[in-house]
Amino acid sequence: MRTPARHLVRLLRAGVGVGTVLALTVSCSSPAREYAVPTDLCGIEVPASALEPVLPPGKEISAHPTDPKGTGIARCRLHVDGESVFSASIERWEEGASARDVAGPAQSVGPGDAQSEDARFVYSATGAVGRVDCRAADDAGRSVWATVRTTRDGTTAEQMKDLITAYADSAATSGECSKVLT
């Protein structure tokens with residue numbers, strides 16, 4: 001039986017370069033993303049460049065929206081290879097709610113996590129919340145908030161901030177925010 005160290009020595013003696021061995025090791029140990037990264041979350045556009053860092057590798061991706069009628073929450077779950085790996089939502093809140101208020105009950109982000117300078121966003125490496133500037137909410141005396149969370153290891157707080165910013169801004173112009181107000 002060959003040990004990995006003996007196998008490596010034999011490869012090096014055979015003239016295989018260290019770089020080649022490392023490349024083979026890396027390519028064999030890191031799975032690939034075979035699916036196309038979506039450019040929307042259940043109808044709310046987001047740049048693929050903002051969504052890509054929070055999604056894991058896999059073969060297939062599918063979106064699973066929920067109907068906001070009567071709940072005040074429109075949720076979009078993404079599954080990769082049948083496993084739930086990402087969730088985004090647009091939620092109705094009382095007028096005057098702060099990002100820290102919304103982060104309190106949210107999953108994967110908490111009121112003590114990083115906050116943007118304008119206090120519109122609270123974010124961590126696994127989740128984020130952000131106010132959606134929705135005119136319909138202002139007219140209804142409510143506020144609307146976006147949330148995102150990921151199960152992917154290695155995501156940074158800055159990546160989540162970029163994603164929640166893009167998602168909240170897009171939700172504001174999509175017409176989706178008015179759906180959670182009824």
# chains A, B, ... in the order shown; residues from 1 in each chain; ligands from 1

$ select_by_dssp --residues "chain A" --states "helix (DSSP H, G or I)" --output "ChimeraX atom specification"
/A:4-13,18-29,48-54,99-103,135-140,157-174,176-179

$ closest_atom_pairs --of "range 105-124 of chain A" --to "range 164-176 of chain A" --cutoff "10 Å" --atoms "only C-alpha atoms" --output "JSON lines"
{"residue": "A:Arg120", "atom": "CA", "partner": "A:Thr165", "partner_atom": "CA", "distance": 9.2}
{"residue": "A:Phe121", "atom": "CA", "partner": "A:Ile164", "partner_atom": "CA", "distance": 7.8}
{"residue": "A:Val122", "atom": "CA", "partner": "A:Ile164", "partner_atom": "CA", "distance": 9.2}
{"residue": "A:Tyr123", "atom": "CA", "partner": "A:Ile164", "partner_atom": "CA", "distance": 8.3}

$ residues_around --residues "Thr39 in chain A" --least-positions-apart "5" --cutoff "8 Å" --atoms "only C-alpha atoms" --output "VMD selection string"
chain A and resid 45 to 48 51

$ closest_residue --among "A:Ser62, A:Ser108, A:Ser98, A:Thr155" --to "Val132 in chain A" --atoms "only C-alpha atoms"
A:Ser98

$ select_by_dssp --residues "chain A" --states "strand (DSSP E or B)" --output "number ranges by chain"
A: 33, 40-41, 44-45, 58, 61-65, 73-80, 83-94, 114-115, 121-123, 127-132, 142-150

$ residues_around --residues "Phe86 in chain A" --least-positions-apart "5" --cutoff "10 Å" --atoms "only C-alpha atoms" --output "ChimeraX atom specification"
/A:51,54-56,63,76-80,126-127,148-152

$ write_last_selection --atoms "C-alpha atoms" --output "PDB file, in the first residue's frame"
ATOM      1  CA  LEU A  51     -24.777  36.438  -5.877  1.00  0.00           C
ATOM      2  CA  VAL A  54     -22.443  33.280  -1.615  1.00  0.00           C
ATOM      3  CA  LEU A  55     -23.439  30.171  -3.586  1.00  0.00           C
ATOM      4  CA  PRO A  56     -21.729  26.789  -3.235  1.00  0.00           C
ATOM      5  CA  ALA A  63     -35.508  28.666  -6.994  1.00  0.00           C
ATOM      6  CA  CYS A  76     -37.026  32.989  -2.228  1.00  0.00           C
ATOM      7  CA  ARG A  77     -35.003  29.899  -1.374  1.00  0.00           C
ATOM      8  CA  LEU A  78     -32.289  28.568  -3.644  1.00  0.00           C
ATOM      9  CA  HIS A  79     -31.475  24.872  -3.655  1.00  0.00           C
ATOM     10  CA  VAL A  80     -28.266  23.435  -5.067  1.00  0.00           C
ATOM     11  CA  THR A 126     -23.614  34.573   6.771  1.00  0.00           C
ATOM     12  CA  GLY A 127     -26.520  37.023   6.576  1.00  0.00           C
ATOM     13  CA  VAL A 148     -30.417  37.368   2.819  1.00  0.00           C
ATOM     14  CA  ARG A 149     -28.610  34.409   4.350  1.00  0.00           C
ATOM     15  CA  THR A 150     -26.245  31.766   3.051  1.00  0.00           C
ATOM     16  CA  THR A 151     -24.969  28.428   4.270  1.00  0.00           C
ATOM     17  CA  ARG A 152     -21.739  28.675   2.247  1.00  0.00           C
TER      18      ARG A 152
END

$ atom_distance --atom1 "CA of Asp81 in chain A" --atom2 "CA of Ile61 in chain A"
6.4 Å
